[in-house]
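Asks: One file is attached below, my_file-v9.txt, containing compact mmCIF, C-alpha atoms.
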# COMPACT_ATOMS: atom_id res chain seq x y z
CA MET V 746 49.22 90.51 109.49
CA VAL V 747 51.82 92.08 111.82
CA SER V 748 52.97 88.66 112.98
CA ARG V 749 53.45 87.51 109.37
CA LEU V 750 55.51 90.60 108.56
CA LYS V 751 57.57 90.07 111.68
CA SER V 752 58.16 86.43 110.75
CA ALA V 753 59.21 87.42 107.21
CA SER V 754 61.61 90.02 108.61
CA LEU V 755 63.19 87.46 110.91
CA ARG V 756 63.60 85.05 108.02
CA SER V 757 65.23 87.78 105.95
CA LEU V 758 67.71 88.36 108.79
CA ASP V 759 68.54 84.66 109.10
CA LEU V 760 72.22 84.79 108.20
CA GLY V 761 72.40 81.02 108.24
CA ALA V 762 70.31 80.93 105.09
CA VAL V 763 72.37 83.45 103.12
CA ASP V 764 73.96 82.02 99.96
CA LEU V 765 77.52 83.17 100.60
CA ARG V 766 78.76 81.98 97.23
CA ARG V 767 76.34 84.39 95.57
CA PHE V 768 78.44 87.23 96.98
CA ALA V 769 81.89 85.62 96.81
CA GLU V 770 81.75 84.36 93.21
CA PRO V 771 81.40 87.78 91.52
CA LEU V 772 84.14 89.20 93.72
CA ALA V 773 86.48 86.33 92.90
CA VAL V 774 85.71 86.45 89.19
CA LEU V 775 86.40 90.19 89.11
CA SER V 776 89.81 89.77 90.78
CA PRO V 777 91.73 90.86 87.64
CA ILE V 778 89.54 93.95 87.31
CA ALA V 779 90.13 94.70 91.00
CA LEU V 780 93.86 94.71 90.25
CA VAL V 781 93.33 97.39 87.60
CA VAL V 782 91.31 99.69 89.85
CA GLY V 783 93.51 99.11 92.89
CA CYS V 784 91.05 97.36 95.20
CA GLN V 785 92.67 93.90 95.10
CA GLU V 786 93.22 93.94 98.87
CA VAL V 787 89.51 94.46 99.51
CA VAL V 788 88.54 91.67 97.12
CA MET V 789 90.99 89.15 98.54
CA THR V 790 89.96 89.95 102.11
CA LEU V 791 86.21 89.71 101.43
CA VAL V 792 86.53 86.44 99.51
CA ALA V 793 88.68 84.99 102.31
CA LEU V 794 86.23 86.06 105.02
CA LEU V 795 83.22 84.69 103.14
CA PHE V 796 85.05 81.40 102.61
CA VAL V 797 85.90 81.07 106.30
CA TRP V 798 82.27 81.85 107.15
CA ARG V 799 81.06 79.25 104.67
CA SER V 800 83.53 76.68 106.06
CA TRP V 801 82.40 77.33 109.63
CA ARG V 802 78.75 77.10 108.65
CA ALA V 803 79.28 73.88 106.71
CA ASN V 804 81.70 72.50 109.34
CA ASP V 805 84.17 71.84 106.53
CA PHE V 806 87.75 72.96 107.06
CA SER V 807 89.28 70.14 105.04
CA TRP V 808 91.17 72.68 102.92
CA ILE V 809 93.33 73.59 105.91
CA ARG V 810 94.94 70.15 105.73
CA GLN V 811 96.19 70.68 102.18
CA GLY V 812 99.97 70.53 102.19
CA TRP V 813 100.58 73.84 100.44
CA PHE V 814 98.14 75.66 102.73
CA ALA V 815 99.49 74.01 105.88
CA ALA V 816 103.01 75.12 104.94
CA LEU V 817 101.89 78.72 104.45
CA ALA V 818 99.86 78.65 107.67
CA ALA V 819 102.94 77.40 109.54
CA LEU V 820 105.04 80.11 107.90
CA TRP V 821 102.49 82.76 108.89
CA ALA V 822 102.36 81.58 112.52
CA TYR V 823 106.16 81.36 112.75
CA ALA V 824 106.76 84.78 111.17
CA LEU V 825 104.15 86.42 113.40
CA LEU V 826 105.53 84.85 116.58
CA ARG V 827 109.14 85.52 115.65
CA THR V 828 108.44 89.18 114.82
CA ALA V 829 106.21 89.81 117.83
CA VAL V 830 108.74 88.32 120.27
CA ASN V 831 112.05 89.64 118.92
CA HIS V 832 111.20 92.76 116.85
CA PRO V 833 107.74 93.87 117.99
CA THR V 834 107.47 97.02 115.85
CA ALA V 835 103.93 98.04 114.94
CA THR V 836 104.50 97.82 111.19
CA GLY V 837 106.41 94.55 111.45
CA VAL V 838 103.69 92.84 113.48
CA LEU V 839 100.95 94.19 111.20
CA PHE V 840 102.80 92.97 108.09
CA ALA V 841 103.34 89.57 109.70
CA LEU V 842 99.70 89.37 110.79
CA HIS V 843 97.72 90.57 107.80
CA TRP V 844 98.81 88.29 104.95
CA ILE V 845 97.06 85.11 106.09
CA HIS V 846 94.16 86.11 103.83
CA PHE V 847 96.38 85.49 100.78
CA PRO V 848 96.36 81.67 101.09
CA ILE V 849 92.75 81.63 102.31
CA TYR V 850 91.77 83.55 99.18
CA ALA V 851 93.59 80.98 97.03
CA ALA V 852 91.91 78.12 98.91
CA ALA V 853 88.51 79.74 98.31
CA LEU V 854 89.19 79.86 94.58
CA ALA V 855 90.46 76.29 94.47
CA HIS V 856 87.81 74.60 96.63
CA TRP V 857 84.73 76.78 96.41
CA ILE V 858 84.54 79.16 93.46
CA LEU V 859 86.50 77.83 90.51
CA PRO V 860 85.70 74.10 90.48
CA ASP V 861 82.61 75.41 88.65
CA GLU V 862 83.41 75.63 84.93
CA LYS V 863 81.11 78.61 84.36
CA SER V 864 82.97 80.59 87.01
CA ARG V 865 86.27 79.71 85.35
CA ASP V 866 84.90 80.96 82.02
CA ARG V 867 83.82 84.23 83.62
CA LEU V 868 87.26 84.62 85.22
CA LEU V 869 88.78 84.04 81.78
CA LEU V 870 86.68 86.90 80.38
CA ALA V 871 87.55 89.21 83.28
CA SER V 872 91.26 88.44 82.86
CA ALA V 873 91.10 89.16 79.14
CA ALA V 874 89.27 92.44 79.82
CA ALA V 875 91.87 93.53 82.38
CA LEU V 876 94.77 92.61 80.11
CA THR V 877 93.18 94.34 77.11
CA PHE V 878 92.76 97.51 79.15
CA TYR V 879 96.32 97.32 80.45
CA GLY V 880 97.71 96.73 76.97
CA LEU V 881 95.81 99.56 75.28
CA ASP V 882 96.49 101.93 78.17
CA CYS V 883 100.21 101.17 77.93
CA LEU V 884 100.17 101.96 74.21
CA LEU V 885 98.34 105.23 74.94
CA GLN V 886 100.87 106.16 77.62
CA TYR V 887 103.81 105.26 75.39
CA VAL V 888 102.57 107.27 72.40
CA PHE V 889 101.22 110.36 74.17
CA GLY V 890 103.15 110.30 77.43
CA PHE V 891 99.98 110.00 79.54
CA ASP V 892 97.61 107.16 80.19
CA ILE V 893 93.80 107.26 80.12
CA ILE V 894 93.54 109.00 83.53
CA GLY V 895 96.35 111.42 82.74
CA ARG V 896 99.09 109.62 84.63
CA PRO V 897 102.54 110.22 83.12
CA ALA V 898 105.24 107.63 82.57
CA TRP V 899 107.68 107.08 85.43
CA ASN V 900 111.31 107.69 84.44
CA SER V 901 110.67 106.31 80.93
CA ARG V 902 108.84 103.32 82.46
CA LEU V 903 105.16 102.74 81.77
CA THR V 904 102.80 102.55 84.73
CA SER V 905 99.29 102.51 83.20
CA VAL V 906 96.89 103.60 85.98
CA SER V 907 99.37 102.84 88.79
CA ARG V 908 101.72 105.32 90.40
CA LYS V 909 104.80 103.15 89.95
CA PRO V 910 105.97 100.77 87.21
CA GLY V 911 104.54 97.32 87.68
CA VAL V 912 102.11 96.91 84.82
CA GLY V 913 104.58 94.98 82.66
CA ILE V 914 105.21 92.26 85.23
CA GLU V 915 101.48 92.04 86.06
CA ILE V 916 100.66 91.41 82.40
CA ALA V 917 103.41 88.80 82.19
CA TRP V 918 102.10 87.00 85.28
CA LEU V 919 98.49 86.82 84.04
CA MET V 920 98.50 86.63 80.23
CA ALA V 921 99.12 82.92 79.56
CA ALA V 922 95.78 81.54 80.79
CA PRO V 923 93.42 83.93 78.95
CA VAL V 924 95.42 83.83 75.71
CA LEU V 925 95.41 80.03 75.70
CA GLY V 926 91.82 79.90 76.90
CA PHE V 927 90.51 81.83 73.92
CA TRP V 928 92.76 79.83 71.61
CA GLN V 929 91.29 76.61 73.00
CA LYS V 930 87.73 77.90 72.61
CA GLY V 931 88.33 78.51 68.90
CA ARG V 932 88.52 82.29 69.13
CA ARG V 933 92.02 82.29 67.75
CA ALA V 934 91.96 85.72 66.14
CA PHE V 935 91.24 87.32 69.50
CA ALA V 936 93.82 85.07 71.21
CA ILE V 937 96.49 86.23 68.75
CA PHE V 938 95.45 89.87 69.18
CA LEU V 939 95.52 89.61 72.98
CA GLY V 940 98.85 87.80 72.98
CA LEU V 941 100.52 90.33 70.69
CA LEU V 942 99.03 93.25 72.61
CA CYS V 943 100.35 91.86 75.89
CA VAL V 944 103.81 91.13 74.53
CA VAL V 945 104.15 94.60 73.00
CA ALA V 946 102.87 96.23 76.21
CA VAL V 947 105.39 94.31 78.32
CA LEU V 948 108.20 95.33 75.98
CA LEU V 949 107.22 99.00 75.95
CA SER V 950 106.71 99.01 79.72
CA GLY V 951 110.46 98.66 80.14
CA ASP V 952 110.03 95.76 82.56
CA ARG V 953 112.97 93.48 81.87
CA MET V 954 111.87 90.66 84.15
CA GLY V 955 108.39 90.84 82.63
CA LEU V 956 109.81 90.33 79.16
CA LEU V 957 111.94 87.41 80.36
CA ILE V 958 108.85 85.83 81.95
CA VAL V 959 106.86 86.18 78.71
CA LEU V 960 109.60 84.48 76.70
CA GLY V 961 110.19 81.86 79.38
CA THR V 962 106.46 81.06 79.53
CA ALA V 963 106.37 80.46 75.77
CA VAL V 964 109.35 78.10 75.95
CA LEU V 965 107.96 76.25 78.98
CA LEU V 966 104.57 75.81 77.29
CA GLY V 967 106.28 74.32 74.27
CA LEU V 968 107.89 71.77 76.58
CA LEU V 969 104.81 71.01 78.69
CA ALA V 970 102.12 70.88 76.01
CA PRO V 971 102.86 68.85 72.86
CA GLY V 972 99.89 70.43 71.10
CA LEU V 973 101.43 73.88 71.51
CA ARG V 974 104.86 73.08 70.10
CA ARG V 975 103.98 73.93 66.52
CA PRO V 976 102.25 77.23 67.40
CA VAL V 977 105.18 78.13 69.65
CA LEU V 978 107.74 77.32 66.94
CA ILE V 979 105.81 79.48 64.49
CA GLY V 980 104.88 82.22 66.93
CA LEU V 981 108.22 82.84 68.62
CA PRO V 982 110.06 83.93 65.42
CA ALA V 983 107.10 86.15 64.50
CA ILE V 984 107.09 87.74 67.96
CA ALA V 985 110.87 88.15 67.83
CA ALA V 986 110.57 89.94 64.48
CA LEU V 987 107.88 92.27 65.83
CA LEU V 988 109.81 93.08 68.98
CA GLY V 989 113.00 93.51 66.98
CA ALA V 990 111.30 96.05 64.72
CA ILE V 991 110.03 98.01 67.74
CA LEU V 992 113.46 98.00 69.35
CA TYR V 993 115.10 99.08 66.07
CA PHE V 994 112.98 102.22 65.93
CA SER V 995 113.29 102.91 69.67
CA PRO V 996 116.94 103.14 70.75
CA THR V 997 115.87 104.10 74.29
CA MET V 998 113.81 100.95 74.63
CA TYR V 999 116.61 98.88 73.07
CA HIS V 1000 119.01 100.19 75.68
CA ARG V 1001 116.57 99.43 78.48
CA GLN V 1002 115.49 95.94 77.40
CA ILE V 1003 118.65 94.62 75.74
CA ASP V 1004 121.75 96.56 76.72
CA THR V 1005 120.99 96.86 80.42
CA THR V 1006 119.74 93.25 80.64
CA VAL V 1007 122.96 91.92 79.11
CA GLU V 1008 125.00 94.23 81.31
CA THR V 1009 123.15 93.13 84.45
CA ILE V 1010 123.61 89.43 83.67
CA ALA V 1011 127.28 89.86 82.75
CA HIS V 1012 128.11 91.93 85.83
CA LEU V 1013 125.46 90.88 88.29
CA ASP V 1014 127.57 91.58 91.36
CA GLN V 1015 128.00 95.23 90.31
CA SER V 1016 124.41 95.75 89.19
CA PRO V 1017 121.70 97.29 91.42
CA TYR V 1018 120.19 93.82 91.85
CA GLY V 1019 123.54 92.30 92.73
CA ILE V 1020 124.22 94.99 95.31
CA VAL V 1021 120.84 94.43 96.97
CA PHE V 1022 121.26 90.64 96.84
CA LYS V 1023 124.70 90.87 98.47
CA SER V 1024 123.36 93.02 101.29
CA ALA V 1025 120.60 90.48 101.89
CA LEU V 1026 123.11 87.62 102.00
CA ASP V 1027 125.30 89.56 104.42
CA ILE V 1028 122.32 90.01 106.74
CA ALA V 1029 121.38 86.35 106.42
CA ARG V 1030 124.93 85.38 107.34
CA ASP V 1031 124.67 87.32 110.60
CA HIS V 1032 121.08 86.19 111.35
CA PRO V 1033 120.97 82.69 109.85
CA ILE V 1034 118.34 80.82 111.86
CA PHE V 1035 115.54 83.25 112.70
CA GLY V 1036 116.29 86.20 110.41
CA VAL V 1037 115.69 89.82 111.37
CA GLY V 1038 111.89 89.81 111.51
CA VAL V 1039 109.16 90.76 109.07
CA HIS V 1040 109.51 94.24 107.58
CA ASN V 1041 112.83 94.74 109.37
CA TYR V 1042 115.19 94.07 106.47
CA GLN V 1043 115.73 97.68 105.45
CA ALA V 1044 116.34 98.93 109.00
CA VAL V 1045 118.98 96.26 109.65
CA CYS V 1046 120.50 96.68 106.18
CA LEU V 1047 121.26 100.34 106.89
CA GLU V 1048 123.32 99.48 109.96
CA PRO V 1049 126.95 100.67 109.56
CA GLN V 1050 128.55 97.21 109.55
CA TYR V 1051 126.90 96.42 106.21
CA GLY V 1052 128.31 99.47 104.43
CA PRO V 1053 127.20 102.93 103.32
CA PRO V 1054 123.62 103.61 102.13
CA THR V 1055 124.81 104.03 98.53
CA VAL V 1056 127.70 102.48 96.62
CA GLY V 1057 129.56 103.18 93.37
CA ALA V 1058 129.91 106.25 91.23
CA ASP V 1059 126.19 106.12 90.42
CA GLU V 1060 125.37 106.08 94.15
CA THR V 1061 123.25 102.95 93.79
CA PRO V 1062 121.08 102.37 96.89
CA ARG V 1063 122.41 99.39 98.81
CA CYS V 1064 119.18 98.78 100.70
CA LEU V 1065 115.62 98.91 99.37
CA GLY V 1066 112.32 98.04 101.02
CA HIS V 1067 112.93 94.32 100.39
CA PRO V 1068 115.66 92.19 98.77
CA HIS V 1069 113.78 91.95 95.43
CA ASN V 1070 113.72 88.16 95.56
CA LEU V 1071 111.11 86.14 97.47
CA TYR V 1072 113.56 83.50 98.64
CA LEU V 1073 116.04 86.11 99.88
CA GLN V 1074 113.23 87.99 101.58
CA TRP V 1075 112.19 84.96 103.60
CA LEU V 1076 115.84 84.08 104.30
CA THR V 1077 116.67 87.54 105.65
CA GLU V 1078 113.42 88.22 107.49
CA GLY V 1079 112.57 84.65 108.58
CA GLY V 1080 115.96 82.94 108.57
CA LEU V 1081 116.48 79.35 107.50
CA ILE V 1082 113.24 78.38 109.23
CA GLY V 1083 111.21 80.88 107.24
CA LEU V 1084 112.94 80.01 103.99
CA GLY V 1085 112.46 76.29 104.67
CA LEU V 1086 108.71 76.69 105.20
CA TYR V 1087 108.38 78.81 102.08
CA LEU V 1088 110.25 76.15 100.08
CA VAL V 1089 107.87 73.50 101.41
CA PHE V 1090 104.96 75.60 100.16
CA VAL V 1091 106.55 75.96 96.72
CA VAL V 1092 107.39 72.28 96.39
CA LEU V 1093 103.97 71.07 97.54
CA SER V 1094 102.18 73.51 95.23
CA LEU V 1095 104.15 72.38 92.20
CA ARG V 1096 103.80 68.73 93.22
CA THR V 1097 100.02 69.10 93.36
CA LEU V 1098 99.99 70.53 89.84
CA ALA V 1099 102.35 67.82 88.61
CA LEU V 1100 99.99 65.15 89.91
CA ALA V 1101 97.13 66.86 88.07
CA MET V 1102 98.94 66.96 84.72
CA ALA V 1103 97.58 63.61 83.54
CA ARG V 1104 94.01 64.57 84.51
CA ASN V 1105 94.24 67.84 82.58
CA ARG V 1106 96.19 66.63 79.57
CA GLY V 1107 95.26 68.81 76.62
CA ASP V 1108 93.69 71.59 78.72
CA LEU V 1109 95.60 74.66 77.55
CA VAL V 1110 94.36 76.92 80.35
CA PHE V 1111 95.76 74.52 82.94
CA TYR V 1112 99.08 74.39 81.08
CA GLY V 1113 99.20 78.19 80.99
CA LEU V 1114 98.48 78.46 84.70
CA ALA V 1115 101.04 75.79 85.57
CA ALA V 1116 103.72 77.48 83.46
CA SER V 1117 102.94 80.88 84.98
CA LEU V 1118 103.15 79.50 88.50
CA ALA V 1119 106.39 77.65 87.81
CA LEU V 1120 108.04 80.82 86.54
CA ARG V 1121 106.66 82.80 89.45
CA PHE V 1122 108.52 80.37 91.72
CA TRP V 1123 111.73 80.56 89.68
CA PRO V 1124 114.36 81.15 92.39
CA LEU V 1125 116.62 83.44 90.32
CA ALA V 1126 113.83 85.86 89.41
CA ALA V 1127 114.06 89.41 90.66
CA GLY V 1128 110.76 90.76 91.83
CA THR V 1129 108.69 92.60 94.38
CA GLY V 1130 108.12 91.99 98.06
CA PHE V 1131 105.98 89.09 99.26
CA PHE V 1132 103.59 91.30 101.21
CA SER V 1133 102.68 93.76 98.43
CA SER V 1134 99.05 93.09 97.55
CA TRP V 1135 99.43 94.15 93.91
CA ALA V 1136 102.04 91.41 93.48
CA ALA V 1137 100.45 88.86 95.83
CA GLU V 1138 97.04 88.97 94.15
CA PRO V 1139 98.31 87.65 90.77
CA LEU V 1140 100.33 84.95 92.55
CA PHE V 1141 97.48 83.62 94.68
CA LEU V 1142 94.94 84.13 91.90
CA VAL V 1143 96.98 81.89 89.59
CA LEU V 1144 97.61 79.44 92.44
CA GLY V 1145 93.93 79.08 93.34
CA TRP V 1146 92.88 79.02 89.68
CA SER V 1147 95.32 76.23 88.84
CA LEU V 1148 94.48 74.18 91.95
CA ALA V 1149 90.80 74.29 90.93
CA TYR V 1150 91.73 71.90 88.11
CA CYS V 1151 93.01 69.31 90.57
CA GLY V 1152 90.65 66.41 91.10
CA PRO V 1153 89.75 64.41 94.21
CA THR V 1154 93.02 62.48 94.09
CA GLU V 1155 94.95 65.73 94.49
CA LEU V 1156 92.51 67.80 96.59
CA PRO V 1157 89.75 66.72 98.98
CA ALA V 1158 86.25 67.35 97.73
CA PRO V 1159 84.57 70.35 99.40
CA ALA V 1160 81.36 69.93 101.33
CA ALA V 1161 78.12 70.78 99.57
CA ASP V 1162 77.32 74.47 99.96
CA ASP V 1163 73.56 74.49 100.40
CA GLY V 1164 73.47 77.56 102.63
CA ARG V 1165 72.80 75.58 105.84
CA PRO V 1166 75.10 74.27 108.57
CA SER V 1167 76.03 70.62 108.28
CA SER V 1168 77.04 68.09 110.87
CA GLY V 1169 80.23 67.10 109.11
CA ARG V 1170 82.02 66.80 105.82
CA ALA V 1171 79.97 66.01 102.78
Can I see the file as structure tokens?
Replies:
Amino acid sequence: MVSRLKSASLRSLDLGAVDLRRFAEPLAVLSPIALVVGCQEVVMTLVALLFVWRSWRANDFSWIRQGWFAALAALWAYALLRTAVNHPTATGVLFALHWIHFPIYAAALAHWILPDEKSRDRLLLASAAALTFYGLDCLLQYVFGFDIIGRPAWNSRLTSVSRKPGVGIEIAWLMAAPVLGFWQKGRRAFAIFLGLLCVVAVLLSGDRMGLLIVLGTAVLLGLLAPGLRRPVLIGLPAIAALLGAILYFSPTMYHRQIDTTVETIAHLDQSPYGIVFKSALDIARDHPIFGVGVHNYQAVCLEPQYGPPTVGADETPRCLGHPHNLYLQWLTEGGLIGLGLYLVFVVLSLRTLALAMARNRGDLVFYGLAASLALRFWPLAAGTGFFSSWAAEPLFLVLGWSLAYCGPTELPAPAADDGRPSSGRA
């Protein structure tokens, strides 16, 4: 009897027999919810670690040879080495070291979790739930001044449950796939409700780039998907009328979303974005090849030769934590080498999706993901830093989700995950 119990205990501790996907799939599917509750870093890290464990156990690391992943891996290795050798600050090295789990997380979604249609459906539901919460919470915060957990607005900007404004851009990054997914599944009333809720929340959030992304996504979808052209042509005027009515009754929001946007575009060089961009270009001019090192932009930017900390009558900060543009961030912190590797990643990612267009013709979720990713890579977009997990999670979630639609001609087939080590690729 004792020997049987001992044998059963040993079998229960046999880690080689653990079904790793059983743990990783719920975590991956709940990624949008993790973004809401602020544990996106934990989810991405755990999914990445489980995927590496699964790959080691199955002796299948074919995903490493994917062009987009290889480019990011090369960028990670270069940035880490360059920072450790030339600017070995503790924070710089940690920033350069930690983000490798971003692409591994995306690879796990693309190769392991989301090729399964049921998992994609569950992710669609989780995304819709997260967006619905964000949208309703934004309305609550706009009307009453506080969100559901009592957090106030931030300088007339909505934050939802976060401490700083970012909810508008997060909604804009994630909304296309779930809205189109429910439309495709025939639940069009809910798709329209979710779409309108998201658009109104983005507008009220005061996030100008978020609103531009929403409008740009609609236009791009009309170009990519012939079946969506009629809904887009009907929907855009209706959305414009709704947003126009809101702006008419809210002069403060009109000033934020319209007046300041027009002013920024017309006088970009004098705007806060233009000032930050110019400082980044000045640094890149002086450090063209290797940049200044990861997380070292702000320290170098504040050096006297680049000017005073603030400029203009409004005392606009000349240097922020990052240049507010992903391409400028890699140019300043990684030089032309870092920017070149990042561009390779962008091009190979978009090329993979372009090759998969014919395979997924008519799949509205794929079109929504492809449009969202294309606008995320738009080089003129102002945005957050590359290393911020709240911004990285939507990027690599959409990347992995979209790559899961790529077939064997675009991506290698993963090995069978039967919970046991294998002698080679399946």
Asks: Leaving out Gly1036 in chain V and any residue of its chain fewer than 5 positions from it, which residues lie within 6 Å of it when counting all atoms listed in the file, given as JSON, numbers by chain?
Replies: {"V": [1077, 1078, 1079, 1080]}
Asks: Looking at all atoms listed in the file, which of V:Leu772, V:Val906, V:Val944, V:Ala815 is the one that sits closest to Ile894 in chain V?
Replies: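 Of the candidates, the smallest distance to Ile894 in chain V is held by V:Val906.
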Asks: What's around Ala1136 in chain V at 10 Å? Count all atoms listed in the file, leave out sequence neighbours fewer than 5 positions away in its own chain, and write the answer as a list in words.
Replies: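 Everything that qualifies: Leu780, Gln785, Gly911, Ile914, Glu915, Trp918, Gly1128, Thr1129, Gly1130, Phe1131 and Phe1141 of chain V.
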Asks: Neighbouring residues of Leu1118 in chain V were defined as those with any atom within 8 Å, considering all atoms listed in the file; residues of the same chain fewer than 2 positions away were excluded. Please report them as a CSV table (one decimal) with C-alpha atoms, in the frame of the given file.
Replies:
chain,number,residue,atom,x,y,z
V,1114,LEU,CA,98.5,78.5,84.7
V,1115,ALA,CA,101.0,75.8,85.6
V,1116,ALA,CA,103.7,77.5,83.5
V,1120,LEU,CA,108.0,80.8,86.5
V,1121,ARG,CA,106.7,82.8,89.4
V,1122,PHE,CA,108.5,80.4,91.7
V,1140,LEU,CA,100.3,85.0,92.6
V,1143,VAL,CA,97.0,81.9,89.6
V,1144,LEU,CA,97.6,79.4,92.4
Asks: Counting all atoms listed in the file, which residue out of V:Tyr850, V:Tyr1072, V:Phe938, V:Trp928 sits closest to Leu881 in chain V?
Replies: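 Ranked by minimum distance to Leu881 in chain V, first place goes to V:Phe938.
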Asks: Could you check which of V:Ile984, V:Val788, V:Ala970, V:Cys1046 is closest to Asn1105 in chain V, using only C-alpha atoms?
Replies: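 Of V:Ile984, V:Val788, V:Ala970, V:Cys1046, the one nearest Asn1105 in chain V, counting only C-alpha atoms, is V:Ala970.
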Asks: My list of candidates is V:Ser905, V:Gln811, V:Ser800, V:Gln1015. Which is closest to Thr877 in chain V when distances are computed with all atoms listed in the file?
Replies: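 Selected residue with least distance to Thr877 in chain V: V:Ser905.
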Asks: Please indicate the distance in Å from CA of Trp1123 in chain V to CA of Ile979 in chain V, rounded to one decimal place.
Replies: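 Result for CA of Trp1123 in chain V versus CA of Ile979 in chain V: 25.9 Å, one decimal.
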Asks: Would you please work out which residue, of V:Ala946, V:Gln1074, V:Val912, V:Gly1066, is nearest to Ile1028 in chain V when using all atoms listed in the file?
Replies: V:Gln1074
Asks: Residues near Thr834 in chain V, anyone? I mean within 12 Å using only C-alpha atoms, not counting same-chain ones fewer than 3 positions away, as a list in words.
Replies: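 That gives Leu825, Arg827, Thr828, Ala829, Val830, Asn831, Gly837, Val838, Leu839, Phe840, Ala841, Val1037, Gly1038, Val1039, His1040, Asn1041 and Ala1044 of chain V.
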Asks: Have a look at V:Phe796, V:Ala963, V:Tyr879, V:Leu868 and name the one nearest to Val945 in chain V; count all atoms listed in the file.
Replies: V:Tyr879
Asks: For Cys784 in chain V, please output as JSON, numbers by chain all residues within 12 Å (counting all atoms listed in the file; exclusion window: fewer than 6 positions along the same chain).
Replies: {"V": [772, 775, 776, 777, 778, 790, 791, 907, 1134, 1135, 1138]}
Asks: Could you add the missing atoms to range 768-784 of chain V, up to N, CA and C atoms, and return them as a short mmCIF file (atom, residue, chain, number, x, y, z; two decimals), in the frame of the given file?
Replies:
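Resulting contents of rebuild_29.cif:
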data_model
loop_
_atom_site.label_atom_id
_atom_site.label_comp_id
_atom_site.auth_asym_id
_atom_site.auth_seq_id
_atom_site.Cartn_x
_atom_site.Cartn_y
_atom_site.Cartn_z
N PHE V 768 77.67 86.00 96.81
CA PHE V 768 78.44 87.23 96.98
C PHE V 768 79.92 87.02 96.63
N ALA V 769 80.46 85.86 96.98
CA ALA V 769 81.89 85.62 96.81
C ALA V 769 82.26 85.39 95.35
N GLU V 770 81.40 84.72 94.59
CA GLU V 770 81.75 84.36 93.21
C GLU V 770 81.98 85.58 92.32
N PRO V 771 81.11 86.59 92.34
CA PRO V 771 81.40 87.78 91.52
C PRO V 771 82.67 88.50 91.94
N LEU V 772 82.91 88.57 93.25
CA LEU V 772 84.14 89.20 93.72
C LEU V 772 85.36 88.46 93.20
N ALA V 773 85.34 87.13 93.33
CA ALA V 773 86.48 86.33 92.90
C ALA V 773 86.70 86.44 91.40
N VAL V 774 85.61 86.38 90.64
CA VAL V 774 85.71 86.45 89.19
C VAL V 774 86.27 87.80 88.74
N LEU V 775 85.94 88.85 89.47
CA LEU V 775 86.40 90.19 89.11
C LEU V 775 87.78 90.52 89.69
N SER V 776 88.48 89.53 90.21
CA SER V 776 89.81 89.77 90.78
C SER V 776 90.75 90.50 89.82
N PRO V 777 90.83 90.12 88.54
CA PRO V 777 91.73 90.86 87.64
C PRO V 777 91.32 92.32 87.46
N ILE V 778 90.01 92.58 87.43
CA ILE V 778 89.54 93.95 87.31
C ILE V 778 89.89 94.73 88.59
N ALA V 779 89.78 94.06 89.73
CA ALA V 779 90.13 94.70 91.00
C ALA V 779 91.59 95.14 90.99
N LEU V 780 92.45 94.35 90.35
CA LEU V 780 93.86 94.71 90.25
C LEU V 780 94.03 96.01 89.47
N VAL V 781 93.24 96.19 88.43
CA VAL V 781 93.33 97.39 87.60
C VAL V 781 92.92 98.63 88.39
N VAL V 782 91.83 98.53 89.14
CA VAL V 782 91.31 99.69 89.85
C VAL V 782 91.89 99.85 91.24
N GLY V 783 92.79 98.96 91.63
CA GLY V 783 93.51 99.11 92.89
C GLY V 783 92.76 98.69 94.13
N CYS V 784 91.77 97.82 94.00
CA CYS V 784 91.05 97.36 95.20
C CYS V 784 91.25 95.85 95.40
#
